[in-house]
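Encoded as C-alpha cells, the structure appears first; notes follow it.
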Amino acid sequence: MALLDFHDTLNEAKNVGPLHILLGNGFSIACRPNIFSYGKLFEQANFEKISKTAQLGFQALNTQDFEKVIKALQDANKLVSNYAGPTELAETLAQDAAGLRELLVQTIAATHPAWPGEISEDEYQACRKFLANFKTIYTLNYDLLLYWVQMHVPQGERPKSDDGFRKPGDDFESSYVVWEPSQSHEQDMWFLHGALHVFDSGIEIKKYTWNNTGVRLIDQIRDALNKNLFPIFVSEGTSNEKYERVRHNDYLAKAYRSFSAIQGTLFIFGHSLAENDDHYLRCIKRGKIAKLYVGLYGDPNTEANKFIMRRADQLAEGRSVKRPLAVAYFDASTARVWGR
C-alpha cells in the first residue's frame with residue numbers, strides 16, 4: 001500500500017471543507033524523541049516515592065507506558081472491590097494508581113525543555129507553517145510545545161492563534177490568565193485532555209503565562225507541583241473514565257463539544273487510535289466530518305500501522321450511508337512538522 005504525500009492531501013482536502021487537525025504524542029516525539037517517548041519518560045522518572053508493587057506493575061505488563069499501568073491498577077481496584085468490598089488491597093491499588101499519575105505529571109514537567117529558546121527558530125517556523133493549514137487545532141498532549149509554537153511571534157505582534165484565555169477582568173497585574181466559556185467563540189486551539197500549564201482552581205480555569213511574571217513557564221509549573229497543585233491532566237484508565245473526567249470540567253467539556261461539532265476534513269497526526277481515546281474517536285464516527293486523513297510512520301505493513309488502519313476503517317464503517325466518511329492515509333514523515 002502506497003501512502004499519500006502530506007502536501008498532496010492538503011490540495012485534495014481543500015475541496016472538501018475546512019481543515020482541522022488532531023495531534024497525538026507523535027507530534028511531540030517528532031520534536032524531541034529523547035524526552036517525550038514513553039520509554040524515555042519511564043527512564044527519567046524518579047520512583048523513590050512509588051511503592052515497589054506499583055513499580056513491578058511495569059514489569060508484570062511488560063510495558064513502559066504509564067497510562068497502561070495506571071489503567072491496570074484502576075481495573076484491579078474495581079475487581080477487588082467487587083469481590084471483597086472495601087479492603088486494604090483495594091485502597092492500595094487506588095493509591096498506587098494515583099501515585100503513578102502524579103509521577104507522570106512530575107516527570108513530564110521535570111524533563112520538559114526549560115524554555116522556548118530550546119526550540120530552534122527553524123523548528124518554530126516549520127511547525128507554524130504546518131499548523132497554519134488548519135482552522136482548528138486539537139491536541140491530546142499535555143506538554144507546552146504546541147502552546148510555545150503558537151505564541152512564538154515577532155515582538156510586538158499578537159499571536160494569530162486563540163486558546164481562549166484572557167486577563168481576569170481589570171486585573172492587568174495578575175500572574176495568570178483565565179478561561180471562560182463566553183470567551184471561547186473564536187478559540188482555535190484546544191487541549192482535549194488538559195495541559196501542564198492549565199490548572200483548575202475550583203472557581204476558575206487558570207493558565208500560567210510568562211508575559212505576566214517574567215518567570216519561565218516550566219518553573220511556575222514545577223513550583224505549583226511542589227505545592228501539591230496539579231494541572232488539569234486526564235491520563236487515567238479507560239475511555240469511559242477519561243470521558244467522565246472530561247464531562248466534569250468546564251474547559252474539557254467545552255473542548256469535547258467543539259471537537260464533536262467540526263465539519264469538513266480532519267487530519268490525525270501522531271496518534272495510535274488506541275481504545276482509551278474512544279470517547280474522541282466516537283465523535284468522528286458519529287460526527288459530520290466528510291474526510292479523514294490519518295498519518296502513518298514507516299512501513300504501513302507493521303502491526304502498529306495495520307492496527308491504526310483497521311481502527312480508522314471501523315470509524316468509516318460505523319457511519320450512516322447518508323453521511324459517509326472517506327478515509328485516506330498519508331506518510332507522516334512528509335509533513336516535516338519540525339522541518340525534518
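By convention here, the chains of the C-alpha cells are called A, B, ... in the order presented, each chain's residues are numbered starting at 1, and ligands are numbered starting at 1 in the order presented.
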For Leu140 (chain A): contacts at 7 Å, only C-alpha atoms, fewer than 3 positions along chain excluded, given as a PDB file with N, CA, C and O atoms, in the first residue's frame:
ATOM      1  N   LEU A  23      -3.811  16.227  17.159  1.00  0.00           N
ATOM      2  CA  LEU A  23      -2.423  15.851  17.413  1.00  0.00           C
ATOM      3  C   LEU A  23      -2.320  14.849  18.544  1.00  0.00           C
ATOM      4  O   LEU A  23      -3.006  14.982  19.564  1.00  0.00           O
ATOM      5  N   GLY A  24      -1.447  13.860  18.367  1.00  0.00           N
ATOM      6  CA  GLY A  24      -1.140  12.911  19.427  1.00  0.00           C
ATOM      7  C   GLY A  24       0.312  13.046  19.849  1.00  0.00           C
ATOM      8  O   GLY A  24       1.022  13.971  19.431  1.00  0.00           O
ATOM      9  N   PHE A 191      -6.744  21.966  24.231  1.00  0.00           N
ATOM     10  CA  PHE A 191      -6.040  20.859  24.876  1.00  0.00           C
ATOM     11  C   PHE A 191      -7.099  19.901  25.407  1.00  0.00           C
ATOM     12  O   PHE A 191      -7.676  20.109  26.477  1.00  0.00           O
ATOM     13  N   LEU A 192      -7.384  18.856  24.646  1.00  0.00           N
ATOM     14  CA  LEU A 192      -8.538  18.000  24.913  1.00  0.00           C
ATOM     15  C   LEU A 192      -8.445  17.252  26.233  1.00  0.00           C
ATOM     16  O   LEU A 192      -9.474  16.919  26.832  1.00  0.00           O
ATOM     17  N   HIS A 193      -7.252  16.951  26.696  1.00  0.00           N
ATOM     18  CA  HIS A 193      -7.074  16.242  27.969  1.00  0.00           C
ATOM     19  C   HIS A 193      -6.324  17.087  28.997  1.00  0.00           C
ATOM     20  O   HIS A 193      -5.742  16.563  29.936  1.00  0.00           O
TER      21      HIS A 193
END
- Task: From region 60-293 of chain A, collect each residue whose DSSP state is strand (DSSP E or B) and return the set as a ChimeraX atom specification.
- Result: /A:136-139,165-166,176-179,189-191,194,198-200,205-208,233,263-269,288-293
- Item | Leu93 (chain A) environment, 12 Å, only C-alpha atoms, sequence neighbours closer than 5 positions dropped, as a VMD selection string | chain A and resid 50 to 55 57 69 to 81 86 to 88 98 to 100
Residue selection dump (C-alpha atoms) as an mmCIF file, in the first residue's frame:
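Okay, this is what ended up in result-v2.cif:
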data_model
loop_
_atom_site.group_PDB
_atom_site.id
_atom_site.type_symbol
_atom_site.label_atom_id
_atom_site.label_comp_id
_atom_site.auth_asym_id
_atom_site.auth_seq_id
_atom_site.Cartn_x
_atom_site.Cartn_y
_atom_site.Cartn_z
ATOM 1 C CA ILE A 50 6.253 4.960 44.496
ATOM 2 C CA SER A 51 5.538 1.597 46.107
ATOM 3 C CA LYS A 52 7.529 -1.433 44.971
ATOM 4 C CA THR A 53 4.340 -3.180 43.898
ATOM 5 C CA ALA A 54 3.387 -0.278 41.622
ATOM 6 C CA GLN A 55 6.870 -0.311 40.113
ATOM 7 C CA GLY A 57 3.403 -3.332 37.511
ATOM 8 C CA VAL A 69 -0.167 0.533 34.293
ATOM 9 C CA ILE A 70 -2.448 3.205 35.783
ATOM 10 C CA LYS A 71 -5.407 1.689 33.940
ATOM 11 C CA ALA A 72 -4.491 -1.833 35.084
ATOM 12 C CA LEU A 73 -4.304 -0.719 38.735
ATOM 13 C CA GLN A 74 -7.650 1.049 38.496
ATOM 14 C CA ASP A 75 -9.251 -2.014 36.898
ATOM 15 C CA ALA A 76 -7.770 -4.236 39.588
ATOM 16 C CA ASN A 77 -9.162 -1.922 42.261
ATOM 17 C CA LYS A 78 -12.653 -2.286 40.786
ATOM 18 C CA LEU A 79 -12.394 -6.077 40.597
ATOM 19 C CA VAL A 80 -11.095 -6.457 44.149
ATOM 20 C CA SER A 81 -13.771 -4.099 45.460
ATOM 21 C CA PRO A 86 -13.568 -2.065 50.523
ATOM 22 C CA THR A 87 -10.332 -3.723 51.582
ATOM 23 C CA GLU A 88 -6.764 -2.697 52.302
ATOM 24 C CA ALA A 98 -2.933 7.955 41.916
ATOM 25 C CA GLY A 99 0.777 7.952 42.770
ATOM 26 C CA LEU A 100 1.755 6.944 39.243
#
- Query: Pick the closest to Ser272 (chain A) from A:Gly26, A:Asp162, A:Thr111, A:Gln44: which is it, counting only C-alpha atoms?
  - Reply: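 Looking at the shortest contact to Ser272 (chain A), the residue is A:Gly26.
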- Task: Pick out each residue of region 29-192 of chain A that DSSP on the backbone tags as alpha helix (DSSP H); I need them as a count of residues only.
- Result: 84
- Taking only C-alpha atoms into account, which of A:Pro116, A:Gly17, A:Gly237, A:Gly339 comes nearest Tyr147 (chain A)?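 Ranking A:Pro116, A:Gly17, A:Gly237, A:Gly339 by distance to Tyr147 (chain A), first place goes to A:Pro116.
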- Message: Can you measure CA of Glu67 (chain A) to CA of Ile218 (chain A) for me? One decimal in Å is fine.
- Response: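 Taking CA of Glu67 (chain A) and CA of Ile218 (chain A), their separation equals 22.5 Å.
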- Quote the spacing between CA of Leu22 (chain A) and CA of His7 (chain A) in Å to one decimal place.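 According to the coordinates, CA of Leu22 (chain A) and CA of His7 (chain A) are separated by 17.0 Å.
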- Counting only C-alpha atoms, which of A:Trp338, A:Lys227, A:Ile203, A:Gln64 gets nearest to Val149 (chain A)? A:Trp338
- Grab the CA of Phe330 (chain A) to CA of Phe6 (chain A) distance for me, in Å with one decimal place.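 Going from CA of Phe330 (chain A) over to CA of Phe6 (chain A) covers 5.8 Å.
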- Message: Measuring between only C-alpha atoms, which one of A:Leu131, A:Leu217, A:Ala13, A:Ile29 shows the shortest distance to Tyr297 (chain A)?
- Response: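 Closest to Tyr297 (chain A), using only C-alpha atoms: A:Ile29.
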- Message: Please list as a PyMOL selection string every residue within 12 Å of Arg310 (chain A), counting only C-alpha atoms and excluding residues in the same chain fewer than 3 positions away.
- Response: chain A and resi 272-274+294+300-301+303-307+313-317+327-329
Kindly save the residues from that selection, with all heavy atoms included, as a short mmCIF file (atom, residue, chain, number, x, y, z; two decimals), in the first residue's frame.
data_model
loop_
_atom_site.label_atom_id
_atom_site.label_comp_id
_atom_site.auth_asym_id
_atom_site.auth_seq_id
_atom_site.Cartn_x
_atom_site.Cartn_y
_atom_site.Cartn_z
N SER A 272 -2.19 6.89 17.83
CA SER A 272 -2.30 5.47 17.50
C SER A 272 -3.73 4.97 17.41
O SER A 272 -3.95 3.79 17.14
CB SER A 272 -1.56 4.65 18.56
OG SER A 272 -2.20 4.79 19.83
N LEU A 273 -4.72 5.83 17.65
CA LEU A 273 -6.14 5.46 17.64
C LEU A 273 -6.44 4.37 18.68
O LEU A 273 -7.27 3.48 18.47
CB LEU A 273 -6.60 5.02 16.25
CG LEU A 273 -7.03 6.14 15.28
CD1 LEU A 273 -5.90 7.11 15.01
CD2 LEU A 273 -7.56 5.56 13.99
N ALA A 274 -5.76 4.45 19.81
CA ALA A 274 -5.93 3.46 20.87
C ALA A 274 -7.32 3.55 21.49
O ALA A 274 -7.96 4.61 21.48
CB ALA A 274 -4.87 3.66 21.95
N VAL A 294 -5.26 10.10 7.98
CA VAL A 294 -4.54 9.58 9.13
C VAL A 294 -3.07 9.41 8.77
O VAL A 294 -2.74 8.75 7.78
CB VAL A 294 -5.13 8.23 9.59
CG1 VAL A 294 -4.39 7.72 10.83
CG2 VAL A 294 -6.62 8.36 9.88
N PRO A 300 3.68 0.80 6.23
CA PRO A 300 2.27 0.61 6.58
C PRO A 300 1.91 -0.82 6.93
O PRO A 300 0.83 -1.07 7.49
CB PRO A 300 1.53 1.08 5.32
CG PRO A 300 2.53 1.00 4.22
CD PRO A 300 3.86 1.27 4.85
N ASN A 301 2.81 -1.77 6.64
CA ASN A 301 2.52 -3.18 6.92
C ASN A 301 2.96 -3.63 8.31
O ASN A 301 2.82 -4.81 8.65
CB ASN A 301 3.18 -4.06 5.86
CG ASN A 301 2.55 -3.87 4.49
OD1 ASN A 301 1.33 -3.89 4.36
ND2 ASN A 301 3.38 -3.68 3.47
N GLU A 303 2.60 -4.11 12.35
CA GLU A 303 1.40 -4.41 13.13
C GLU A 303 0.78 -3.14 13.71
O GLU A 303 -0.45 -3.00 13.76
CB GLU A 303 1.75 -5.40 14.26
CG GLU A 303 2.03 -6.81 13.77
CD GLU A 303 0.87 -7.38 12.96
OE1 GLU A 303 -0.29 -7.26 13.42
OE2 GLU A 303 1.13 -7.93 11.87
N ALA A 304 1.64 -2.20 14.14
CA ALA A 304 1.12 -0.96 14.72
C ALA A 304 0.33 -0.17 13.69
O ALA A 304 -0.76 0.35 13.99
CB ALA A 304 2.28 -0.13 15.26
N ASN A 305 0.85 -0.07 12.47
CA ASN A 305 0.15 0.69 11.43
C ASN A 305 -1.10 -0.04 10.93
O ASN A 305 -2.11 0.61 10.61
CB ASN A 305 1.09 1.00 10.27
CG ASN A 305 2.01 2.16 10.57
OD1 ASN A 305 1.68 3.04 11.36
ND2 ASN A 305 3.18 2.18 9.95
N LYS A 306 -1.05 -1.36 10.87
CA LYS A 306 -2.24 -2.10 10.46
C LYS A 306 -3.35 -1.94 11.50
O LYS A 306 -4.54 -1.88 11.14
CB LYS A 306 -1.90 -3.58 10.24
CG LYS A 306 -1.11 -3.83 8.96
CD LYS A 306 -1.07 -5.30 8.57
CE LYS A 306 -0.16 -6.11 9.47
NZ LYS A 306 0.01 -7.50 8.98
N PHE A 307 -2.96 -1.85 12.77
CA PHE A 307 -3.95 -1.60 13.82
C PHE A 307 -4.61 -0.24 13.61
O PHE A 307 -5.84 -0.10 13.71
CB PHE A 307 -3.28 -1.65 15.19
CG PHE A 307 -4.17 -1.23 16.33
CD1 PHE A 307 -5.04 -2.13 16.91
CD2 PHE A 307 -4.15 0.08 16.81
CE1 PHE A 307 -5.88 -1.75 17.96
CE2 PHE A 307 -4.97 0.48 17.85
CZ PHE A 307 -5.85 -0.44 18.43
N ASP A 313 -10.66 2.51 9.62
CA ASP A 313 -11.68 1.95 8.73
C ASP A 313 -12.97 1.66 9.48
O ASP A 313 -14.08 1.81 8.94
CB ASP A 313 -11.15 0.68 8.06
CG ASP A 313 -10.05 0.96 7.04
OD1 ASP A 313 -9.94 2.12 6.60
OD2 ASP A 313 -9.31 0.02 6.69
N GLN A 314 -12.85 1.23 10.73
CA GLN A 314 -14.05 0.96 11.54
C GLN A 314 -14.85 2.24 11.80
O GLN A 314 -16.08 2.19 11.89
CB GLN A 314 -13.64 0.32 12.86
CG GLN A 314 -13.17 -1.12 12.73
CD GLN A 314 -12.54 -1.67 14.00
OE1 GLN A 314 -12.35 -0.94 14.98
NE2 GLN A 314 -12.20 -2.95 13.99
N LEU A 315 -14.18 3.37 11.90
CA LEU A 315 -14.89 4.63 12.07
C LEU A 315 -15.76 4.91 10.84
O LEU A 315 -16.90 5.36 10.97
CB LEU A 315 -13.90 5.78 12.27
CG LEU A 315 -13.01 5.73 13.52
CD1 LEU A 315 -12.07 6.93 13.53
CD2 LEU A 315 -13.85 5.71 14.79
N ALA A 316 -15.21 4.65 9.67
CA ALA A 316 -15.96 4.87 8.43
C ALA A 316 -17.11 3.87 8.30
O ALA A 316 -18.21 4.24 7.88
CB ALA A 316 -15.02 4.76 7.23
N GLU A 317 -16.85 2.62 8.70
CA GLU A 317 -17.89 1.59 8.59
C GLU A 317 -19.07 1.87 9.51
O GLU A 317 -20.19 1.43 9.24
CB GLU A 317 -17.28 0.22 8.92
CG GLU A 317 -16.27 -0.27 7.88
CD GLU A 317 -15.40 -1.40 8.39
OE1 GLU A 317 -15.64 -1.85 9.53
OE2 GLU A 317 -14.49 -1.82 7.66
N VAL A 327 -11.80 7.72 4.21
CA VAL A 327 -10.56 7.65 4.97
C VAL A 327 -9.39 7.44 4.02
O VAL A 327 -9.47 6.64 3.08
CB VAL A 327 -10.59 6.49 5.99
CG1 VAL A 327 -9.28 6.42 6.78
CG2 VAL A 327 -11.77 6.64 6.95
N ALA A 328 -8.32 8.20 4.26
CA ALA A 328 -7.09 8.04 3.48
C ALA A 328 -5.91 8.13 4.43
O ALA A 328 -6.02 8.66 5.54
CB ALA A 328 -7.00 9.09 2.39
N TYR A 329 -4.75 7.63 3.97
CA TYR A 329 -3.57 7.56 4.83
C TYR A 329 -2.39 8.27 4.16
O TYR A 329 -2.16 8.12 2.96
CB TYR A 329 -3.21 6.09 5.10
CG TYR A 329 -4.35 5.35 5.76
CD1 TYR A 329 -5.27 4.64 4.99
CD2 TYR A 329 -4.53 5.41 7.14
CE1 TYR A 329 -6.34 3.98 5.58
CE2 TYR A 329 -5.60 4.77 7.73
CZ TYR A 329 -6.50 4.06 6.96
OH TYR A 329 -7.56 3.44 7.56
#
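Proximity to Ala45 (chain A) was assessed for A:Arg101, A:Leu19, A:Lys68, A:Arg340 counting only C-alpha atoms; the smallest distance is recorded for A:Arg101.
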- Task: Name all residues at most 8 Å from Phe199 (chain A) (count only C-alpha atoms; drop same-chain ones fewer than 5 positions away) and give them as a PyMOL selection string.
- Result: chain A and resi 205-207+230-232
Just to be explicit: take each residue in the selection above, keep all heavy atoms, and write the result as a JSON list (two decimals), in the first residue's frame.
[["chain", "number", "residue", "atom", "x", "y", "z"],
["A", 205, "ILE", "N", -10.67, 28.44, 35.69],
["A", 205, "ILE", "CA", -9.63, 27.71, 34.97],
["A", 205, "ILE", "C", -8.50, 28.70, 34.69],
["A", 205, "ILE", "O", -8.69, 29.71, 34.01],
["A", 205, "ILE", "CB", -10.15, 27.13, 33.64],
["A", 205, "ILE", "CG1", -11.40, 26.28, 33.86],
["A", 205, "ILE", "CG2", -9.05, 26.33, 32.95],
["A", 205, "ILE", "CD1", -11.17, 25.06, 34.70],
["A", 206, "LYS", "N", -7.31, 28.42, 35.24],
["A", 206, "LYS", "CA", -6.17, 29.32, 35.12],
["A", 206, "LYS", "C", -5.15, 28.78, 34.14],
["A", 206, "LYS", "O", -4.99, 27.56, 34.00],
["A", 206, "LYS", "CB", -5.47, 29.48, 36.48],
["A", 206, "LYS", "CG", -6.30, 30.09, 37.58],
["A", 206, "LYS", "CD", -5.46, 30.17, 38.86],
["A", 206, "LYS", "CE", -6.20, 30.83, 39.99],
["A", 206, "LYS", "NZ", -5.35, 30.93, 41.21],
["A", 207, "LYS", "N", -4.44, 29.69, 33.53],
["A", 207, "LYS", "CA", -3.28, 29.31, 32.72],
["A", 207, "LYS", "C", -2.10, 30.16, 33.15],
["A", 207, "LYS", "O", -2.18, 31.40, 33.18],
["A", 207, "LYS", "CB", -3.56, 29.52, 31.23],
["A", 207, "LYS", "CG", -2.40, 29.09, 30.32],
["A", 207, "LYS", "CD", -2.65, 29.46, 28.88],
["A", 207, "LYS", "CE", -2.41, 30.95, 28.64],
["A", 207, "LYS", "NZ", -2.51, 31.31, 27.22],
["A", 230, "PHE", "N", -1.93, 20.39, 41.15],
["A", 230, "PHE", "CA", -1.75, 19.62, 39.92],
["A", 230, "PHE", "C", -2.57, 20.19, 38.78],
["A", 230, "PHE", "O", -3.70, 20.65, 38.98],
["A", 230, "PHE", "CB", -2.11, 18.15, 40.15],
["A", 230, "PHE", "CG", -1.01, 17.39, 40.82],
["A", 230, "PHE", "CD1", -0.84, 17.44, 42.19],
["A", 230, "PHE", "CD2", -0.11, 16.64, 40.08],
["A", 230, "PHE", "CE1", 0.18, 16.77, 42.82],
["A", 230, "PHE", "CE2", 0.93, 15.96, 40.70],
["A", 230, "PHE", "CZ", 1.08, 16.02, 42.07],
["A", 231, "PRO", "N", -2.02, 20.17, 37.58],
["A", 231, "PRO", "CA", -2.74, 20.71, 36.42],
["A", 231, "PRO", "C", -3.91, 19.82, 36.01],
["A", 231, "PRO", "O", -4.03, 18.67, 36.45],
["A", 231, "PRO", "CB", -1.67, 20.74, 35.33],
["A", 231, "PRO", "CG", -0.71, 19.66, 35.72],
["A", 231, "PRO", "CD", -0.69, 19.66, 37.22],
["A", 232, "ILE", "N", -4.76, 20.37, 35.16],
["A", 232, "ILE", "CA", -5.79, 19.56, 34.52],
["A", 232, "ILE", "C", -5.07, 18.57, 33.61],
["A", 232, "ILE", "O", -4.37, 18.96, 32.68],
["A", 232, "ILE", "CB", -6.75, 20.45, 33.70],
["A", 232, "ILE", "CG1", -7.46, 21.44, 34.62],
["A", 232, "ILE", "CG2", -7.75, 19.60, 32.94],
["A", 232, "ILE", "CD1", -8.30, 22.47, 33.86]]
